[in-house]
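A.B. asks: Below is query-v3.cif; it holds mmCIF, C-alpha atoms.
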data_query
#
loop_
_atom_site.label_atom_id
_atom_site.label_comp_id
_atom_site.auth_asym_id
_atom_site.auth_seq_id
_atom_site.Cartn_x
_atom_site.Cartn_y
_atom_site.Cartn_z
CA MET H 1 -10.46 4.74 -39.67
CA SER H 2 -8.51 7.92 -38.81
CA GLU H 3 -4.73 7.85 -38.68
CA ILE H 4 -3.21 7.51 -35.21
CA LYS H 5 -1.21 10.59 -34.21
CA THR H 6 -0.94 10.40 -30.41
CA ILE H 7 -0.81 7.28 -28.27
CA GLY H 8 -1.13 6.89 -24.53
CA VAL H 9 0.23 4.15 -22.30
CA LEU H 10 -0.82 3.14 -18.81
CA THR H 11 -0.01 0.36 -16.36
CA SER H 12 -2.88 -1.06 -14.35
CA GLY H 13 -3.39 -3.53 -11.52
CA GLY H 14 -0.40 -5.16 -9.80
CA ASP H 15 3.05 -4.03 -10.87
CA SER H 16 5.42 -6.52 -12.46
CA PRO H 17 9.13 -6.40 -13.39
CA GLY H 18 9.46 -5.61 -17.09
CA MET H 19 6.66 -3.06 -17.30
CA ASN H 20 9.25 -0.31 -17.63
CA ALA H 21 10.92 -2.13 -20.51
CA ALA H 22 7.56 -2.25 -22.30
CA ILE H 23 6.96 1.47 -21.65
CA ARG H 24 10.40 2.33 -23.02
CA ALA H 25 9.76 0.31 -26.18
CA ILE H 26 6.34 1.88 -26.70
CA VAL H 27 7.74 5.39 -26.39
CA ARG H 28 10.69 4.83 -28.69
CA ALA H 29 8.76 2.78 -31.25
CA GLY H 30 6.07 5.45 -31.22
CA ILE H 31 8.57 8.23 -31.82
CA ALA H 32 10.22 6.19 -34.59
CA ASN H 33 6.80 6.04 -36.27
CA GLY H 34 6.29 9.80 -36.00
CA LEU H 35 3.82 9.61 -33.10
CA GLN H 36 3.49 11.67 -29.96
CA VAL H 37 3.47 9.53 -26.82
CA LYS H 38 1.82 10.36 -23.50
CA GLY H 39 2.02 8.50 -20.21
CA ILE H 40 -1.07 8.10 -18.06
CA CYS H 41 -0.06 7.88 -14.42
CA ARG H 42 -1.72 5.57 -11.85
CA GLY H 43 -3.66 3.49 -14.34
CA TYR H 44 -7.36 4.08 -14.90
CA ALA H 45 -7.57 6.10 -11.68
CA GLY H 46 -5.01 8.52 -13.08
CA LEU H 47 -6.86 8.63 -16.38
CA LEU H 48 -10.02 9.78 -14.61
CA GLY H 49 -7.94 12.41 -12.83
CA SER H 50 -6.26 13.58 -16.06
CA GLU H 51 -2.81 12.67 -14.71
CA ILE H 52 -1.17 12.68 -18.13
CA ILE H 53 2.44 13.52 -18.99
CA ASP H 54 4.42 13.82 -22.23
CA LEU H 55 7.01 11.11 -22.81
CA ASP H 56 10.04 11.45 -25.04
CA SER H 57 13.02 9.25 -25.76
CA ARG H 58 15.11 10.77 -22.99
CA SER H 59 12.41 10.40 -20.33
CA VAL H 60 12.53 6.58 -20.65
CA SER H 61 16.30 6.24 -20.92
CA GLY H 62 17.63 3.37 -18.80
CA ILE H 63 14.31 2.40 -17.24
CA GLN H 64 14.38 -1.13 -18.70
CA SER H 65 16.57 -2.29 -15.81
CA ARG H 66 14.23 -1.02 -13.12
CA GLY H 67 11.41 -2.97 -11.51
CA GLY H 68 7.97 -1.54 -10.88
CA THR H 69 6.52 1.04 -13.25
CA ILE H 70 7.56 4.68 -13.70
CA LEU H 71 3.92 5.45 -14.51
CA TYR H 72 2.75 4.05 -11.16
CA THR H 73 -0.32 1.87 -10.91
CA ALA H 74 -3.55 1.69 -8.96
CA ARG H 75 -6.88 -0.10 -8.70
CA CYS H 76 -9.91 1.84 -9.88
CA LYS H 77 -13.43 0.80 -8.84
CA GLU H 78 -14.93 3.70 -10.81
CA PHE H 79 -13.79 2.12 -14.05
CA TYR H 80 -16.11 -0.82 -13.51
CA LYS H 81 -19.02 1.55 -14.14
CA ALA H 82 -20.18 2.95 -17.49
CA GLU H 83 -19.96 6.51 -16.20
CA GLY H 84 -16.31 6.01 -15.25
CA ILE H 85 -15.43 4.53 -18.62
CA ASP H 86 -17.24 7.34 -20.45
CA ARG H 87 -15.30 9.88 -18.41
CA GLY H 88 -12.03 8.10 -19.21
CA VAL H 89 -12.74 8.20 -22.94
CA GLN H 90 -13.61 11.89 -22.67
CA VAL H 91 -10.23 12.58 -20.99
CA LEU H 92 -8.42 10.68 -23.73
CA ARG H 93 -10.15 12.73 -26.41
CA GLU H 94 -9.47 15.99 -24.55
CA ASN H 95 -5.77 15.13 -24.57
CA GLY H 96 -5.77 14.15 -28.24
CA ILE H 97 -5.03 10.49 -27.50
CA ASP H 98 -6.45 8.35 -30.28
CA GLY H 99 -4.53 5.16 -29.51
CA LEU H 100 -4.05 3.51 -26.10
CA VAL H 101 -1.79 0.72 -24.80
CA VAL H 102 -2.88 -0.92 -21.55
CA ILE H 103 -0.32 -3.04 -19.67
CA GLY H 104 -1.91 -5.28 -17.04
CA GLY H 105 -4.01 -8.37 -16.43
CA ASP H 106 -7.51 -9.58 -17.23
CA GLY H 107 -9.18 -6.82 -15.21
CA SER H 108 -7.18 -4.19 -17.06
CA PHE H 109 -8.14 -5.76 -20.39
CA ARG H 110 -11.83 -5.45 -19.55
CA GLY H 111 -11.31 -1.72 -19.23
CA ALA H 112 -9.41 -1.71 -22.53
CA GLN H 113 -12.26 -3.61 -24.14
CA GLU H 114 -14.76 -0.96 -23.05
CA ILE H 115 -12.54 1.88 -24.26
CA ALA H 116 -12.14 0.22 -27.65
CA ALA H 117 -15.92 -0.16 -27.89
CA ARG H 118 -16.19 3.63 -27.49
CA GLY H 119 -13.95 4.38 -30.45
CA ILE H 120 -10.41 4.68 -29.06
CA ASN H 121 -8.03 2.21 -30.69
CA THR H 122 -6.78 0.10 -27.80
CA ILE H 123 -4.15 -2.66 -27.41
CA GLY H 124 -3.53 -4.79 -24.30
CA ILE H 125 -0.17 -6.17 -23.17
CA PRO H 126 -0.19 -8.98 -20.54
CA GLY H 127 1.63 -7.80 -17.44
CA THR H 128 1.26 -9.94 -14.31
CA ILE H 129 3.63 -12.06 -12.25
CA ASP H 130 0.92 -14.75 -11.86
CA LEU H 131 1.08 -16.03 -15.50
CA ASP H 132 -2.69 -16.43 -15.27
CA ILE H 133 -3.77 -14.87 -18.59
CA ALA H 134 -5.15 -17.71 -20.66
CA CYS H 135 -4.37 -16.46 -24.15
CA THR H 136 -0.60 -16.31 -23.66
CA GLU H 137 2.24 -18.56 -22.53
CA TYR H 138 4.18 -15.56 -21.22
CA THR H 139 3.24 -12.56 -19.09
CA ILE H 140 5.53 -9.68 -18.20
CA GLY H 141 7.12 -10.21 -14.78
CA PHE H 142 6.57 -13.93 -14.25
CA ASP H 143 10.14 -14.91 -15.10
CA THR H 144 11.60 -12.38 -12.66
CA ALA H 145 9.11 -13.23 -9.93
CA VAL H 146 9.69 -16.97 -10.12
CA ASN H 147 13.46 -16.48 -10.11
CA THR H 148 13.15 -14.23 -7.06
CA ALA H 149 11.03 -16.84 -5.29
CA MET H 150 13.40 -19.65 -6.31
CA ASP H 151 16.39 -17.78 -4.91
CA ALA H 152 14.58 -17.05 -1.63
CA ILE H 153 13.50 -20.68 -1.27
CA ASP H 154 17.10 -21.84 -1.82
CA LYS H 155 18.19 -19.59 1.05
CA ILE H 156 15.39 -20.75 3.35
CA THR H 157 16.26 -24.36 2.50
CA ASP H 158 19.82 -23.79 3.73
CA THR H 159 18.68 -22.65 7.17
CA SER H 160 15.91 -25.26 7.29
CA MET H 161 18.53 -27.96 6.71
CA SER H 162 20.84 -26.49 9.36
CA HIS H 163 18.09 -26.62 11.99
CA GLU H 164 16.53 -29.90 10.73
CA ARG H 165 13.15 -28.23 10.56
CA CYS H 166 10.18 -28.03 8.21
CA SER H 167 9.54 -24.79 6.34
CA ILE H 168 6.21 -23.70 4.89
CA ILE H 169 7.04 -21.12 2.21
CA GLU H 170 4.21 -19.00 0.85
CA VAL H 171 4.54 -17.60 -2.66
CA MET H 172 2.21 -15.30 -4.54
CA GLY H 173 -0.70 -16.65 -6.53
CA ARG H 174 -4.13 -15.96 -5.06
CA ASN H 175 -5.98 -17.72 -7.88
CA ALA H 176 -3.11 -19.30 -9.81
CA GLY H 177 -0.41 -21.75 -8.79
CA PHE H 178 2.17 -21.18 -11.52
CA ILE H 179 4.84 -19.61 -9.30
CA ALA H 180 4.38 -22.40 -6.75
CA LEU H 181 4.52 -25.10 -9.43
CA TRP H 182 7.67 -23.76 -11.04
CA CYS H 183 9.34 -23.42 -7.64
CA GLN H 184 8.34 -26.97 -6.74
CA ILE H 185 10.19 -28.21 -9.83
CA ALA H 186 13.12 -25.77 -9.53
CA ASN H 187 13.66 -26.05 -5.77
CA GLY H 188 12.23 -29.41 -4.81
CA ALA H 189 9.70 -29.74 -2.02
CA ASP H 190 7.94 -32.38 0.04
CA GLY H 191 4.60 -30.91 -1.01
CA ILE H 192 2.89 -28.14 -2.95
CA LEU H 193 -0.45 -26.45 -2.34
CA ILE H 194 -2.04 -24.65 -5.30
CA PRO H 195 -5.56 -23.30 -5.98
CA GLU H 196 -5.95 -25.50 -9.07
CA ALA H 197 -5.69 -28.72 -7.02
CA GLU H 198 -9.27 -29.08 -5.85
CA LYS H 199 -8.55 -31.76 -3.28
CA PHE H 200 -5.85 -31.19 -0.67
CA ASP H 201 -5.29 -33.99 1.83
CA GLU H 202 -3.39 -32.56 4.79
CA ARG H 203 -2.99 -36.03 6.27
CA ASP H 204 -1.25 -37.15 3.08
CA LEU H 205 1.13 -34.18 3.32
CA ILE H 206 1.95 -35.04 6.93
CA ASP H 207 2.50 -38.70 6.03
CA THR H 208 4.88 -37.62 3.26
CA ILE H 209 6.91 -35.52 5.69
CA LEU H 210 7.09 -38.38 8.22
CA SER H 211 7.98 -40.90 5.50
CA ASN H 212 10.78 -38.69 4.21
CA ARG H 213 12.10 -38.20 7.75
CA GLN H 214 12.19 -42.00 8.21
CA LYS H 215 14.17 -42.28 4.97
CA GLY H 216 16.80 -39.99 6.42
CA LYS H 217 15.73 -36.55 5.22
CA LYS H 218 16.56 -33.95 7.86
CA HIS H 219 14.61 -30.96 6.55
CA HIS H 220 11.35 -30.44 4.70
CA ILE H 221 9.99 -27.77 2.36
CA ILE H 222 6.30 -27.14 1.62
CA ILE H 223 5.42 -24.52 -1.02
CA ASN H 224 2.04 -22.87 -0.54
CA ALA H 225 0.35 -20.56 -3.05
CA GLU H 226 -1.18 -17.67 -1.11
CA GLY H 227 -4.73 -18.39 -2.28
CA VAL H 228 -4.87 -21.82 -0.63
CA GLY H 229 -4.84 -20.80 3.02
CA SER H 230 -2.84 -19.47 5.96
CA SER H 231 0.75 -20.71 6.00
CA MET H 232 1.09 -19.76 9.67
CA ARG H 233 -1.82 -21.95 10.73
CA LEU H 234 -0.64 -24.79 8.49
CA ALA H 235 2.81 -24.63 10.09
CA ARG H 236 1.29 -25.00 13.56
CA ARG H 237 -0.78 -28.00 12.47
CA VAL H 238 2.17 -29.70 10.78
CA GLU H 239 4.37 -29.22 13.85
CA ALA H 240 1.67 -30.60 16.13
CA ALA H 241 1.13 -33.65 13.91
CA THR H 242 4.79 -34.47 13.20
CA GLY H 243 6.69 -33.21 16.23
CA ILE H 244 9.08 -31.48 13.81
CA GLU H 245 9.81 -27.79 14.37
CA THR H 246 7.97 -25.98 11.58
CA ARG H 247 8.31 -22.36 10.49
CA ALA H 248 6.29 -20.37 7.98
CA THR H 249 7.83 -17.75 5.70
CA ILE H 250 5.70 -15.47 3.52
CA LEU H 251 7.76 -14.15 0.60
CA GLY H 252 5.16 -11.50 -0.25
CA HIS H 253 5.90 -8.48 -2.38
CA ILE H 254 9.61 -9.13 -2.90
CA GLN H 255 8.31 -11.22 -5.81
CA ARG H 256 6.95 -8.10 -7.51
CA GLY H 257 10.10 -6.01 -7.24
CA GLY H 258 13.67 -6.17 -8.42
CA SER H 259 15.52 -5.71 -11.67
CA PRO H 260 13.82 -7.72 -14.46
CA THR H 261 15.54 -10.74 -15.96
CA ALA H 262 16.81 -10.64 -19.54
CA LYS H 263 13.72 -12.54 -20.66
CA ASP H 264 11.35 -10.05 -19.07
CA ARG H 265 13.27 -7.13 -20.57
CA VAL H 266 13.43 -8.59 -24.08
CA TYR H 267 9.91 -10.04 -24.25
CA ALA H 268 8.34 -6.94 -22.71
CA SER H 269 10.22 -4.72 -25.15
CA THR H 270 9.09 -6.84 -28.07
CA MET H 271 5.47 -6.67 -26.93
CA GLY H 272 5.75 -2.91 -26.47
CA ALA H 273 7.04 -2.35 -29.99
CA TYR H 274 4.44 -4.76 -31.37
CA SER H 275 1.64 -2.77 -29.73
CA VAL H 276 2.75 0.34 -31.61
CA ASP H 277 2.85 -1.60 -34.89
CA LEU H 278 -0.72 -2.72 -34.27
CA LEU H 279 -1.94 0.80 -33.56
CA CYS H 280 -0.19 2.14 -36.66
CA SER H 281 -1.95 -0.53 -38.73
CA GLY H 282 -5.35 0.62 -37.42
CA ALA H 283 -5.90 -2.37 -35.12
CA THR H 284 -8.02 -2.08 -32.00
CA ASN H 285 -9.44 -4.29 -29.23
CA ARG H 286 -6.42 -6.59 -29.49
CA VAL H 287 -4.26 -8.24 -26.84
CA ILE H 288 -0.68 -9.29 -27.55
CA ALA H 289 0.28 -12.87 -26.70
CA TYR H 290 3.24 -15.21 -26.89
CA ARG H 291 2.09 -18.57 -28.27
CA ASN H 292 3.99 -21.52 -29.74
CA GLY H 293 7.24 -19.59 -29.84
CA HIS H 294 5.86 -16.50 -31.59
CA PHE H 295 4.43 -13.11 -30.67
CA THR H 296 0.92 -12.69 -31.99
CA ASP H 297 -2.33 -10.87 -31.17
CA LEU H 298 -5.92 -11.87 -30.49
CA ASP H 299 -9.24 -10.13 -30.13
CA ILE H 300 -9.68 -9.08 -26.49
CA ASP H 301 -13.17 -10.60 -26.43
CA GLU H 302 -11.71 -13.95 -27.48
CA ALA H 303 -8.82 -13.67 -25.03
CA LEU H 304 -11.05 -12.93 -22.05
CA ALA H 305 -13.26 -15.93 -22.86
CA MET H 306 -10.35 -18.35 -22.53
CA LYS H 307 -9.63 -20.34 -19.37
CA LYS H 308 -6.17 -21.27 -18.13
CA THR H 309 -5.26 -24.31 -16.09
CA ILE H 310 -2.07 -25.86 -14.78
CA ASP H 311 -0.39 -28.19 -17.26
CA GLU H 312 -1.24 -31.69 -15.98
CA TYR H 313 2.03 -33.24 -17.12
CA GLN H 314 4.10 -30.49 -15.53
CA PHE H 315 2.18 -31.00 -12.30
CA LEU H 316 2.87 -34.76 -12.52
CA VAL H 317 6.56 -34.04 -13.04
CA SER H 318 6.58 -31.83 -9.95
CA GLN H 319 5.13 -34.68 -7.91
CA MET H 320 7.55 -37.28 -9.28
CA ILE H 321 10.76 -35.35 -8.72
CA GLY H 322 9.87 -33.02 -5.87
CA GLN H 323 9.80 -35.47 -2.98
CA TYR H 324 12.75 -37.10 -1.24
#
Can you give me the file's structure in the form of structure tokens?
C.D. replies:
Amino acid sequence: MSEIKTIGVLTSGGDSPGMNAAIRAIVRAGIANGLQVKGICRGYAGLLGSEIIDLDSRSVSGIQSRGGTILYTARCKEFYKAEGIDRGVQVLRENGIDGLVVIGGDGSFRGAQEIAARGINTIGIPGTIDLDIACTEYTIGFDTAVNTAMDAIDKITDTSMSHERCSIIEVMGRNAGFIALWCQIANGADGILIPEAEKFDERDLIDTILSNRQKGKKHHIIINAEGVGSSMRLARRVEAATGIETRATILGHIQRGGSPTAKDRVYASTMGAYSVDLLCSGATNRVIAYRNGHFTDLDIDEALAMKKTIDEYQFLVSQMIGQY
């Protein structure tokens, strides 16, 4: 296997706080190992368009405190096709990039898997606020996102209490309920709606709200993961069934932005440096993970085959302590 001389880094899919910390670590760890580092802008779409820049130590100075990604990100339908992947590999070779770090989620890793199969040493770093990558207990951005959501829910709770109303608060998580679950435990709520709960009994939720009102509770919080259904329509149904003024608030993309927490900065930086170590050792088709208190790496094929579900005990805890 040829020695790695130039590495590229790209961010793909949804942005997440901490991506910049990972980029900074990759650049500086690469330089410390005598490598040239190039940034690929706008993910796989930018790769196909040869949007490639040189990165040095100064160009990443101070970015660890910034949300988003200085390399920008985008979706790329062309990279689902063999012709697109072949073109991407050609661009990498034309730019002398023989090692690639991909920061993103499962979809991004599938692209990394295909690039590795075509002879470019490739490492994946899990970057998604949804925490929905099965091979790892940590993904870049989740800690910041859930803290942002928690803070917003605390504020909404204050005004909900003042007006003695019910608030339906929608958090991100189209296919995963981890942000909702953590907020249920951290904030407290009368109910939680997540994609992993196959059976949702709206009548049971309404009965819980009415029961809590009879016990003396003057405000109510329902946390809804975005993938479950419309919070606006649910708010109208709850108000009609309970007679309690009900408002819906969609937190939306504020959960993606903002300065990363210390955890997201430190863990992302560690993963970034680790990815360079792997490339320098000749590794390819690997994804970095945090498991059982340690940073490690797995084959991307193995990682993509894994399935992730909500921890049943944690969900039970949320139900026990979340209600009035």
A.B. asks: From the options H:Leu92, H:Ala180, H:Ala21, H:Ile63, which residue's atoms come nearest to H:Ile120, counting all atoms listed in the file?
C.D. replies: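 Checking each of H:Leu92, H:Ala180, H:Ala21, H:Ile63 against H:Ile120, counting all atoms listed in the file, the winner is H:Leu92.
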A.B. asks: Report, in Å with one decimal, the straight-line distance from atom CA of H:Thr246 to atom CA of H:Val317.
C.D. replies: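 Separation of atom CA of H:Thr246 and atom CA of H:Val317: 25.9 Å.
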A.B. asks: Under the rule that all atoms listed in the file are counted, which of H:Ile206, H:Ile31, H:Val171, H:Ala273 is the nearest residue to H:Arg58?
C.D. replies: H:Ile31
A.B. asks: Of the candidates H:Thr309, H:Glu170, H:Leu10, H:Ile300, which shows the shortest atom-to-atom distance to H:Leu131, using only C-alpha atoms?
C.D. replies: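 Result for the nearest residue to H:Leu131: H:Thr309.
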A.B. asks: Once the PyMOL selection byres ((chain H and resi 146-148) around 10) has been evaluated on this model, what residues remain selected, and can you format them as a ChimeraX atom specification?
C.D. replies: /H:129-130,141-145,149-153,171-172,178-183,186,251,254-261
A.B. asks: Could you list the residues chosen by the PyMOL selection byres ((chain H and resi 100) around 6) in this structure as a PyMOL selection string?
C.D. replies: chain H and resi 7-9+99+101+122
A.B. asks: For each of H:Ile185, H:Val266, H:Cys41, H:Ala289, take the minimum atom-to-atom distance to H:Ala25, counting only C-alpha atoms, then give the residue where this is smallest.
C.D. replies: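 Of the candidates, the smallest distance to H:Ala25 is held by H:Val266.
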A.B. asks: Got a sec to resolve the PyMOL selection byres ((chain H and resi 15) around 6) on this structure and send the residues as a list in words?
C.D. replies: Gly14, Ser16 and Gly68 of chain H
A.B. asks: How would the residues just picked look written out with C-alpha atoms as a PDB file, in the coordinates of the input?
C.D. replies:
ATOM      1  CA  GLY H  14      -0.400  -5.160  -9.800  1.00  0.00           C
ATOM      2  CA  SER H  16       5.420  -6.520 -12.460  1.00  0.00           C
ATOM      3  CA  GLY H  68       7.970  -1.540 -10.880  1.00  0.00           C
TER       4      GLY H  68
END
A.B. asks: Go ahead and compute the interatomic distance for atom CA of H:Gln113 and atom CA of H:Arg265, in Å to one decimal.
C.D. replies: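 Value for the atom CA of H:Gln113-atom CA of H:Arg265 distance: 26.0 Å.
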A.B. asks: Atom CA of H:Arg93 to atom CA of H:Thr11: how many Å, to one decimal?
C.D. replies: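 One can read the atom CA of H:Arg93 to atom CA of H:Thr11 distance as 18.9 Å.
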A.B. asks: Measuring atom to atom with only C-alpha atoms, identify which of H:Met306, H:Ala82, H:Ile140, H:Leu55 is nearest to H:Gly127.
C.D. replies: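 Among H:Met306, H:Ala82, H:Ile140, H:Leu55, it is H:Ile140 that comes nearest to H:Gly127.
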A.B. asks: Given all atoms listed in the file as the basis, pick out the residue of H:Thr139, H:Asn95, H:Asn175, H:Ser57 nearest to H:Ala268.
C.D. replies: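 Closest candidate: H:Thr139.
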A.B. asks: Do you know which residues are at most 12 Å from H:Glu94 counting all atoms listed in the file, after dropping those on the same chain fewer than 4 positions away, and could you put them as a tab-separated table (two decimals) with C-alpha atoms, in the coordinates of the input?
C.D. replies:
chain	number	residue	atom	x	y	z
H	6	THR	CA	-0.94	10.40	-30.41
H	47	LEU	CA	-6.86	8.63	-16.38
H	48	LEU	CA	-10.02	9.78	-14.61
H	50	SER	CA	-6.26	13.58	-16.06
H	52	ILE	CA	-1.17	12.68	-18.13
H	87	ARG	CA	-15.30	9.88	-18.41
H	88	GLY	CA	-12.03	8.10	-19.21
H	89	VAL	CA	-12.74	8.20	-22.94
H	90	GLN	CA	-13.61	11.89	-22.67
H	98	ASP	CA	-6.45	8.35	-30.28
A.B. asks: What's around H:Val102 at 10 Å? Count only C-alpha atoms, leave out sequence neighbours fewer than 6 positions away in its own chain, and write the answer as a list of chain:residue names.
C.D. replies: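 Selected residues are H:Gly8, H:Val9, H:Leu10, H:Thr11, H:Ser12, H:Ile40, H:Gly43, H:Tyr44, H:Ser108, H:Phe109, H:Gly111, H:Ala112, H:Thr122, H:Ile123, H:Gly124, H:Ile125, H:Pro126, H:Gly127, H:Ser275, H:Val287.
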